[in-house]
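Chemist: Next up is a structure, given as structure tokens.
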Amino acid sequence: MDTESTYSGYSYYSGRSRGSHRHSERSRERHSKSRSKDSSSRSEKNVTINAPPAEPLLGDQPPPSALPPGDDTQDDNWGETTTAVTGTSEHSLSQEDIVRITKDLEESVGLGCRRYLSLTLGLLLGLLVFLTPLAFLVLPQVLWPERVQPCGTACEGLFISVAFKLLILLLAVWALFLRPPRAALPRLFVFRALLALLVLLLVLSYWLFYGVRILDSQDENYQGIVQYAVSLVDALLFIHYLAIVLLELRQLQPCFSVCVTRSTDGETRHYNLGQLSIQRAALVILENYYKDFPVHNPALLTASKSRAAKHLAGLKVYNVDGPGNNATAGQSRAMIAAAARRRDTSHNELYYEEADHERRVRKRKSRLVVAVEEAFTHVRRMQEEELKKPPGEVMDPREAAQAIFPSMARALQKYLRTTRQQHCHSMESIQKHLAFCITNNMTPKAFLESYLTPGPTLQYGRERWMASQWTLVSEASVTSSLRDGTAFLLKCIDFSLVVTTKGMPYIKLSEEFIDPKSHKFVLRLQSETSVGVWNVDSVA
């Protein structure tokens, strides 16, 4: 009797729950259909935004009053299972993509505006600097020509001095400042801004003195006015010399040793730098990175990950305590413990795997070398035959490269796949390199050097290595100078460069005097015995 009552109770509650569940599904279906009709009638092209699971979708959740009775509880994973139904959608963007696109647009617009603003201010300051001495000489001849004293021989010689000094200053400014920009730095270059401010203050001071003492009084001594313009040009030349010292010569003496490490594969290089700010040091490091570091190859990093996944694939974890909050943590600890117990055999697998990979690489390399040598031999034979043909029928290097490329393409493709370099070389780039080698009469070994030995990053195409933007991450201000112990990051999309700084040690040399007389010796021969004995005594 007890069992029957218990069974009937379970049946009652289960039927009631099924009815409420069907009612709630019908209400959600009606709600989704009404929303889809409204959205399809409004527009034919909509953007679907996938919100994060932790945030509710506005407009997708009905108010509490609209929920059916008995549906008070809500699924914990509703953000992952809820589907927003819209009209015809051609683009799908997440909220992170929209934020990233907006940020990139703002940064590109800001960098462009800042670049053109600094260029415009520099041009205006340059025009002011070069036109000011000429204005000093012209204004007296225009405003009070009848009162100006005639210019003598010494004054005319000063004209030649001003002309040549202005020409030298123009060439010096062109050589130092009018160079194409190498990069867009995040902050202002402090020394260059200070020099521009110094030049502006100097020119304004000369104009102020000129207006008070010459324009107001209409000075008649024209030779003194010319000498005043010459002094301005001399001061500008000295400021340019100061700019060379601060911008070029100050950083030549090495003061710091920086260690640059790539975060993914641990590739490391060391450089010696002088007195530079953090952002200028980052620029120098990136310039050296493209010519010294081998190209970043993510395919080489997947071997260890696949090996670890293969080791953990055969493990099964059973949760005997039932579901709980610590189930995921317990499962992770169990898998780590099981992997630790199997570490005794993992090194053997790694050893044999690396040995097999090296064997296959040597095998593919030998096949590739033979194929390339045969292809180049065929090219030499074709060149000898083409010497006998008329000039109009001679094959150009690109046609010759296209003719012999199929004979080596399969061996080269297999070698690049074995060494995981297939994404670094396209067929067009290989044919172009082959045509270049044929044009310059290079050997097969010279052609294969680009593929057998990974070269620097600049050796490959820009689409393989060019990062759209680098981000400088530093605790200290990027305009501050390098110091002992300074560390910062240079981040791009795939990896980051970790930079640590060490100061050059202070070296103290001492001198030790060696007396020349200490190197004199006396040779004594003992002839009393049948065997000669040689004694060498030092003479103090």
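Each chain in the structure tokens gets a letter, A, B and so on, in the order shown; residues start at 1 in every chain, and ligands are counted from 1 in the order they appear.
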Per DSSP on the backbone, what are the strand (DSSP E) residues of region 434-504 of chain A, as a PyMOL selection string?
Modeler: chain A and resi 471-474+487-491+496-503
Chemist: Which residues are near Val190 (chain A)? Cut-off 10 Å, only C-alpha atoms, ignore same chain within fewer than 4 positions. Put them as a list in words.
Modeler: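 So, after excluding close chain neighbours, the residues are Leu194, Leu195, Ala196, Ser277, Thr479 and Ser480 of chain A.
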Chemist: Counting only C-alpha atoms, give me one row per residue of region 201-308 of chain A with an atom at most 10 Å from an atom of region 119-132 of chain A, showing the shortest contact pair and its distance in Å to one decimal, sorted by chain then residue number, as a tab-separated table.
Modeler:
```
residue	atom	partner	partner_atom	distance
A:Leu202	CA	A:Val129	CA	9.6
A:Val203	CA	A:Val129	CA	6.9
A:Leu204	CA	A:Thr132	CA	9.8
A:Tyr206	CA	A:Thr132	CA	9.0
A:Trp207	CA	A:Thr132	CA	8.1
A:Ala229	CA	A:Thr132	CA	8.3
A:Leu232	CA	A:Thr132	CA	8.8
A:Val233	CA	A:Phe130	CA	8.8
A:Leu236	CA	A:Val129	CA	8.3
```
Chemist: Can you spit out the residues from that selection as a PDB file, in the first residue's frame, using N, CA and C atoms?
Modeler:
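Generated file (selection.pdb):
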```
ATOM      1  N   LEU A 202      63.925  81.333 -29.430  1.00  0.00           N
ATOM      2  CA  LEU A 202      64.990  82.146 -29.996  1.00  0.00           C
ATOM      3  C   LEU A 202      64.459  83.088 -31.074  1.00  0.00           C
ATOM      4  N   VAL A 203      63.642  82.586 -31.985  1.00  0.00           N
ATOM      5  CA  VAL A 203      63.117  83.411 -33.070  1.00  0.00           C
ATOM      6  C   VAL A 203      62.193  84.491 -32.520  1.00  0.00           C
ATOM      7  N   LEU A 204      61.348  84.149 -31.558  1.00  0.00           N
ATOM      8  CA  LEU A 204      60.454  85.152 -30.967  1.00  0.00           C
ATOM      9  C   LEU A 204      61.246  86.219 -30.223  1.00  0.00           C
ATOM     10  N   TYR A 206      64.313  87.241 -30.954  1.00  0.00           N
ATOM     11  CA  TYR A 206      64.908  88.108 -31.972  1.00  0.00           C
ATOM     12  C   TYR A 206      63.868  89.033 -32.588  1.00  0.00           C
ATOM     13  N   TRP A 207      62.669  88.544 -32.833  1.00  0.00           N
ATOM     14  CA  TRP A 207      61.612  89.396 -33.371  1.00  0.00           C
ATOM     15  C   TRP A 207      61.211  90.492 -32.371  1.00  0.00           C
ATOM     16  N   ALA A 229      71.068  90.092 -38.341  1.00  0.00           N
ATOM     17  CA  ALA A 229      70.550  88.913 -39.048  1.00  0.00           C
ATOM     18  C   ALA A 229      71.592  87.798 -39.091  1.00  0.00           C
ATOM     19  N   LEU A 232      71.595  85.902 -35.843  1.00  0.00           N
ATOM     20  CA  LEU A 232      70.478  84.953 -35.756  1.00  0.00           C
ATOM     21  C   LEU A 232      70.799  83.656 -36.489  1.00  0.00           C
ATOM     22  N   VAL A 233      71.382  83.768 -37.692  1.00  0.00           N
ATOM     23  CA  VAL A 233      71.717  82.557 -38.448  1.00  0.00           C
ATOM     24  C   VAL A 233      72.778  81.748 -37.711  1.00  0.00           C
ATOM     25  N   LEU A 236      71.142  79.812 -34.959  1.00  0.00           N
ATOM     26  CA  LEU A 236      70.400  78.662 -35.487  1.00  0.00           C
ATOM     27  C   LEU A 236      71.341  77.520 -35.849  1.00  0.00           C
TER      28      LEU A 236
END
```
Chemist: Excluding same-chain residues fewer than 2 positions from Thr268 (chain A), what lies within 12 Å of it counting only C-alpha atoms, as a VMD selection string?
Modeler: chain A and resid 258 to 266 270 to 271 285 289 292 to 294 497 to 500
Chemist: Separation of CA of Val295 (chain A) and CA of Arg398 (chain A), in Å?
Modeler: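 Computing it gives 27.2 Å between the two atoms.
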Chemist: Extract the full set of alpha helix (DSSP H) residues from region 122-280 of chain A according to DSSP on the backbone, and format it as a ChimeraX atom specification.
Modeler: /A:122-143,153-176,190-210,222-244,278-280
Chemist: Using only C-alpha atoms, please write the residues we just selected to a file, as a compact mmCIF listing (two decimals), in the first residue's frame.
Modeler:
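Written output follows (result12.txt):
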```
# COMPACT_ATOMS: atom_id res chain seq x y z
CA GLY A 122 57.36 71.42 -38.28
CA LEU A 123 56.87 73.00 -41.71
CA LEU A 124 55.48 76.18 -40.20
CA LEU A 125 58.40 76.42 -37.77
CA GLY A 126 60.88 75.80 -40.60
CA LEU A 127 59.34 78.54 -42.74
CA LEU A 128 59.47 80.93 -39.80
CA VAL A 129 63.14 80.12 -39.18
CA PHE A 130 64.28 80.59 -42.81
CA LEU A 131 62.14 83.65 -43.58
CA THR A 132 63.05 85.57 -40.42
CA PRO A 133 66.65 86.55 -41.43
CA LEU A 134 65.43 87.55 -44.87
CA ALA A 135 62.64 89.64 -43.35
CA PHE A 136 65.19 91.40 -41.13
CA LEU A 137 67.11 92.47 -44.24
CA VAL A 138 64.11 93.42 -46.41
CA LEU A 139 61.88 95.35 -43.99
CA PRO A 140 64.18 98.44 -43.63
CA GLN A 141 64.46 98.71 -47.42
CA VAL A 142 60.66 98.61 -47.72
CA LEU A 143 59.47 100.71 -44.75
CA THR A 153 81.86 96.61 -48.88
CA ALA A 154 81.79 94.96 -45.46
CA CYS A 155 77.98 94.97 -45.49
CA GLU A 156 77.86 93.36 -48.93
CA GLY A 157 80.27 90.67 -47.71
CA LEU A 158 77.84 89.92 -44.88
CA PHE A 159 75.15 89.32 -47.53
CA ILE A 160 77.26 86.50 -48.98
CA SER A 161 77.82 85.11 -45.46
CA VAL A 162 74.09 85.07 -44.71
CA ALA A 163 73.29 83.38 -48.04
CA PHE A 164 75.78 80.54 -47.60
CA LYS A 165 74.93 80.01 -43.93
CA LEU A 166 71.24 79.75 -44.78
CA LEU A 167 72.06 77.24 -47.54
CA ILE A 168 74.17 75.15 -45.13
CA LEU A 169 71.40 75.32 -42.52
CA LEU A 170 68.83 74.22 -45.09
CA LEU A 171 70.89 71.19 -46.13
CA ALA A 172 71.60 70.29 -42.50
CA VAL A 173 67.91 70.45 -41.55
CA TRP A 174 67.01 68.36 -44.59
CA ALA A 175 69.57 65.70 -43.65
CA LEU A 176 68.61 65.50 -39.97
CA VAL A 190 61.11 64.73 -25.75
CA PHE A 191 64.43 65.99 -27.14
CA ARG A 192 62.94 66.94 -30.48
CA ALA A 193 60.12 68.82 -28.78
CA LEU A 194 62.61 70.66 -26.55
CA LEU A 195 64.69 71.65 -29.58
CA ALA A 196 61.62 72.92 -31.41
CA LEU A 197 60.63 74.94 -28.34
CA LEU A 198 64.15 76.37 -28.05
CA VAL A 199 64.14 77.44 -31.71
CA LEU A 200 60.73 79.05 -31.32
CA LEU A 201 61.82 80.99 -28.23
CA LEU A 202 64.99 82.15 -30.00
CA VAL A 203 63.12 83.41 -33.07
CA LEU A 204 60.45 85.15 -30.97
CA SER A 205 63.14 86.82 -28.85
CA TYR A 206 64.91 88.11 -31.97
CA TRP A 207 61.61 89.40 -33.37
CA LEU A 208 60.80 91.14 -30.10
CA PHE A 209 64.18 92.87 -29.97
CA TYR A 210 63.93 93.73 -33.68
CA TYR A 222 71.82 99.10 -42.16
CA GLN A 223 75.13 97.37 -41.57
CA GLY A 224 74.17 96.82 -37.93
CA ILE A 225 70.86 95.33 -39.07
CA VAL A 226 72.71 92.93 -41.38
CA GLN A 227 75.03 91.90 -38.55
CA TYR A 228 71.94 91.31 -36.40
CA ALA A 229 70.55 88.91 -39.05
CA VAL A 230 73.93 87.15 -39.26
CA SER A 231 73.92 86.60 -35.48
CA LEU A 232 70.48 84.95 -35.76
CA VAL A 233 71.72 82.56 -38.45
CA ASP A 234 74.78 81.71 -36.32
CA ALA A 235 72.56 80.94 -33.32
CA LEU A 236 70.40 78.66 -35.49
CA LEU A 237 73.51 76.78 -36.67
CA PHE A 238 74.60 76.24 -33.06
CA ILE A 239 71.14 74.89 -32.18
CA HIS A 240 71.42 72.47 -35.09
CA TYR A 241 74.76 71.31 -33.73
CA LEU A 242 73.06 70.75 -30.37
CA ALA A 243 70.36 68.73 -32.12
CA ILE A 244 73.01 66.45 -33.67
CA ILE A 278 61.95 53.21 -23.52
CA GLN A 279 59.96 53.91 -26.68
CA ARG A 280 63.10 54.66 -28.70
```
Chemist: Identify which of the residues A:Glu354, A:Arg269, A:Ala403, A:Leu416 lies closest to Tyr290 (chain A), counting only C-alpha atoms when measuring atom-to-atom distances.
Modeler: A:Arg269
Chemist: Which residues, written as a ChimeraX atom specification, have at least one atom at most 9 Å from Val379 (chain A), with only C-alpha atoms counted and residues fewer than 5 positions away on the same chain left out?
Modeler: /A:374,384,400-401,404,438
Chemist: Go ahead and save the picked residues with N, CA and C atoms, as a PDB file, in the first residue's frame.
Modeler:
```
ATOM      1  N   GLU A 374      69.621  17.942 -60.462  1.00  0.00           N
ATOM      2  CA  GLU A 374      69.221  17.484 -61.794  1.00  0.00           C
ATOM      3  C   GLU A 374      68.535  18.597 -62.580  1.00  0.00           C
ATOM      4  N   GLU A 384      73.267  25.796 -73.049  1.00  0.00           N
ATOM      5  CA  GLU A 384      74.227  25.459 -74.104  1.00  0.00           C
ATOM      6  C   GLU A 384      73.531  25.277 -75.447  1.00  0.00           C
ATOM      7  N   ALA A 400      62.418  29.593 -68.130  1.00  0.00           N
ATOM      8  CA  ALA A 400      63.241  28.449 -67.755  1.00  0.00           C
ATOM      9  C   ALA A 400      62.888  27.953 -66.354  1.00  0.00           C
ATOM     10  N   ALA A 401      62.616  28.895 -65.437  1.00  0.00           N
ATOM     11  CA  ALA A 401      62.221  28.498 -64.084  1.00  0.00           C
ATOM     12  C   ALA A 401      60.888  27.765 -64.097  1.00  0.00           C
ATOM     13  N   ILE A 404      61.479  24.056 -65.395  1.00  0.00           N
ATOM     14  CA  ILE A 404      62.146  23.061 -64.542  1.00  0.00           C
ATOM     15  C   ILE A 404      61.513  22.959 -63.162  1.00  0.00           C
ATOM     16  N   ILE A 438      68.730  31.563 -61.585  1.00  0.00           N
ATOM     17  CA  ILE A 438      69.136  31.252 -62.954  1.00  0.00           C
ATOM     18  C   ILE A 438      69.723  32.488 -63.631  1.00  0.00           C
TER      19      ILE A 438
END
```
Chemist: Just checking: using only C-alpha atoms, which residue out of A:Leu301, A:Ile514, A:Leu283, A:Leu472 ends up closest to Ala487 (chain A)?
Modeler: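 The shortest atom-to-atom distance to Ala487 (chain A) comes from A:Leu472.
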Chemist: Applying 9 Å and only C-alpha atoms, which residues near Lys445 (chain A) remain after dropping the ones on its own chain fewer than 2 positions away? List them as a PDB file with all heavy atoms, in the first residue's frame.
Modeler:
```pdb
ATOM      1  N   VAL A 369      67.796  17.699 -52.624  1.00  0.00           N
ATOM      2  CA  VAL A 369      69.090  18.105 -53.178  1.00  0.00           C
ATOM      3  C   VAL A 369      69.325  17.443 -54.535  1.00  0.00           C
ATOM      4  O   VAL A 369      69.774  18.086 -55.498  1.00  0.00           O
ATOM      5  CB  VAL A 369      70.221  17.765 -52.181  1.00  0.00           C
ATOM      6  CG1 VAL A 369      71.581  17.956 -52.830  1.00  0.00           C
ATOM      7  CG2 VAL A 369      70.101  18.642 -50.937  1.00  0.00           C
ATOM      8  N   VAL A 372      67.011  19.066 -57.218  1.00  0.00           N
ATOM      9  CA  VAL A 372      67.444  20.411 -57.612  1.00  0.00           C
ATOM     10  C   VAL A 372      68.707  20.357 -58.456  1.00  0.00           C
ATOM     11  O   VAL A 372      68.843  21.091 -59.453  1.00  0.00           O
ATOM     12  CB  VAL A 372      67.653  21.280 -56.348  1.00  0.00           C
ATOM     13  CG1 VAL A 372      68.284  22.621 -56.710  1.00  0.00           C
ATOM     14  CG2 VAL A 372      66.319  21.521 -55.653  1.00  0.00           C
ATOM     15  N   GLU A 373      69.633  19.500 -58.121  1.00  0.00           N
ATOM     16  CA  GLU A 373      70.851  19.378 -58.928  1.00  0.00           C
ATOM     17  C   GLU A 373      70.525  18.887 -60.334  1.00  0.00           C
ATOM     18  O   GLU A 373      71.104  19.388 -61.316  1.00  0.00           O
ATOM     19  CB  GLU A 373      71.826  18.429 -58.240  1.00  0.00           C
ATOM     20  CG  GLU A 373      72.466  19.006 -56.982  1.00  0.00           C
ATOM     21  CD  GLU A 373      73.410  18.019 -56.322  1.00  0.00           C
ATOM     22  OE1 GLU A 373      73.440  16.849 -56.765  1.00  0.00           O
ATOM     23  OE2 GLU A 373      74.101  18.413 -55.369  1.00  0.00           O
ATOM     24  N   MET A 442      73.606  31.148 -60.311  1.00  0.00           N
ATOM     25  CA  MET A 442      73.877  30.637 -58.974  1.00  0.00           C
ATOM     26  C   MET A 442      73.791  29.118 -58.971  1.00  0.00           C
ATOM     27  O   MET A 442      73.119  28.503 -59.808  1.00  0.00           O
ATOM     28  CB  MET A 442      72.897  31.249 -57.963  1.00  0.00           C
ATOM     29  CG  MET A 442      72.973  32.770 -57.893  1.00  0.00           C
ATOM     30  SD  MET A 442      71.675  33.525 -56.884  1.00  0.00           S
ATOM     31  CE  MET A 442      72.173  32.999 -55.264  1.00  0.00           C
ATOM     32  N   THR A 443      74.446  28.512 -57.984  1.00  0.00           N
ATOM     33  CA  THR A 443      74.513  27.056 -57.884  1.00  0.00           C
ATOM     34  C   THR A 443      73.257  26.497 -57.219  1.00  0.00           C
ATOM     35  O   THR A 443      72.493  27.237 -56.589  1.00  0.00           O
ATOM     36  CB  THR A 443      75.749  26.650 -57.075  1.00  0.00           C
ATOM     37  OG1 THR A 443      75.641  27.209 -55.762  1.00  0.00           O
ATOM     38  CG2 THR A 443      77.017  27.184 -57.735  1.00  0.00           C
ATOM     39  N   PHE A 447      70.587  28.102 -54.237  1.00  0.00           N
ATOM     40  CA  PHE A 447      69.121  28.130 -54.322  1.00  0.00           C
ATOM     41  C   PHE A 447      68.480  27.473 -53.106  1.00  0.00           C
ATOM     42  O   PHE A 447      67.473  27.950 -52.582  1.00  0.00           O
ATOM     43  CB  PHE A 447      68.689  27.421 -55.607  1.00  0.00           C
ATOM     44  CG  PHE A 447      67.219  27.135 -55.676  1.00  0.00           C
ATOM     45  CD1 PHE A 447      66.304  28.143 -55.930  1.00  0.00           C
ATOM     46  CD2 PHE A 447      66.745  25.842 -55.464  1.00  0.00           C
ATOM     47  CE1 PHE A 447      64.940  27.876 -55.979  1.00  0.00           C
ATOM     48  CE2 PHE A 447      65.393  25.566 -55.515  1.00  0.00           C
ATOM     49  CZ  PHE A 447      64.489  26.587 -55.772  1.00  0.00           C
ATOM     50  N   LEU A 448      69.051  26.374 -52.633  1.00  0.00           N
ATOM     51  CA  LEU A 448      68.451  25.632 -51.520  1.00  0.00           C
ATOM     52  C   LEU A 448      68.709  26.259 -50.156  1.00  0.00           C
ATOM     53  O   LEU A 448      68.078  25.859 -49.173  1.00  0.00           O
ATOM     54  CB  LEU A 448      68.986  24.195 -51.516  1.00  0.00           C
ATOM     55  CG  LEU A 448      68.498  23.294 -52.643  1.00  0.00           C
ATOM     56  CD1 LEU A 448      69.239  21.971 -52.601  1.00  0.00           C
ATOM     57  CD2 LEU A 448      66.992  23.076 -52.532  1.00  0.00           C
ATOM     58  N   GLU A 449      69.637  27.200 -50.071  1.00  0.00           N
ATOM     59  CA  GLU A 449      69.981  27.760 -48.769  1.00  0.00           C
ATOM     60  C   GLU A 449      68.785  28.459 -48.128  1.00  0.00           C
ATOM     61  O   GLU A 449      68.641  28.445 -46.906  1.00  0.00           O
ATOM     62  CB  GLU A 449      71.142  28.752 -48.927  1.00  0.00           C
ATOM     63  CG  GLU A 449      71.717  29.270 -47.630  1.00  0.00           C
ATOM     64  CD  GLU A 449      72.377  28.183 -46.808  1.00  0.00           C
ATOM     65  OE1 GLU A 449      72.769  27.153 -47.391  1.00  0.00           O
ATOM     66  OE2 GLU A 449      72.504  28.369 -45.588  1.00  0.00           O
TER      67      GLU A 449
END
```
Chemist: Which residue out of A:Gln469, A:Thr418, A:Asn348, A:Ser510 has the minimum interatomic distance to Arg362 (chain A) when only C-alpha atoms are used?
Modeler: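 Among the listed residues, the smallest separation from Arg362 (chain A) belongs to A:Thr418.
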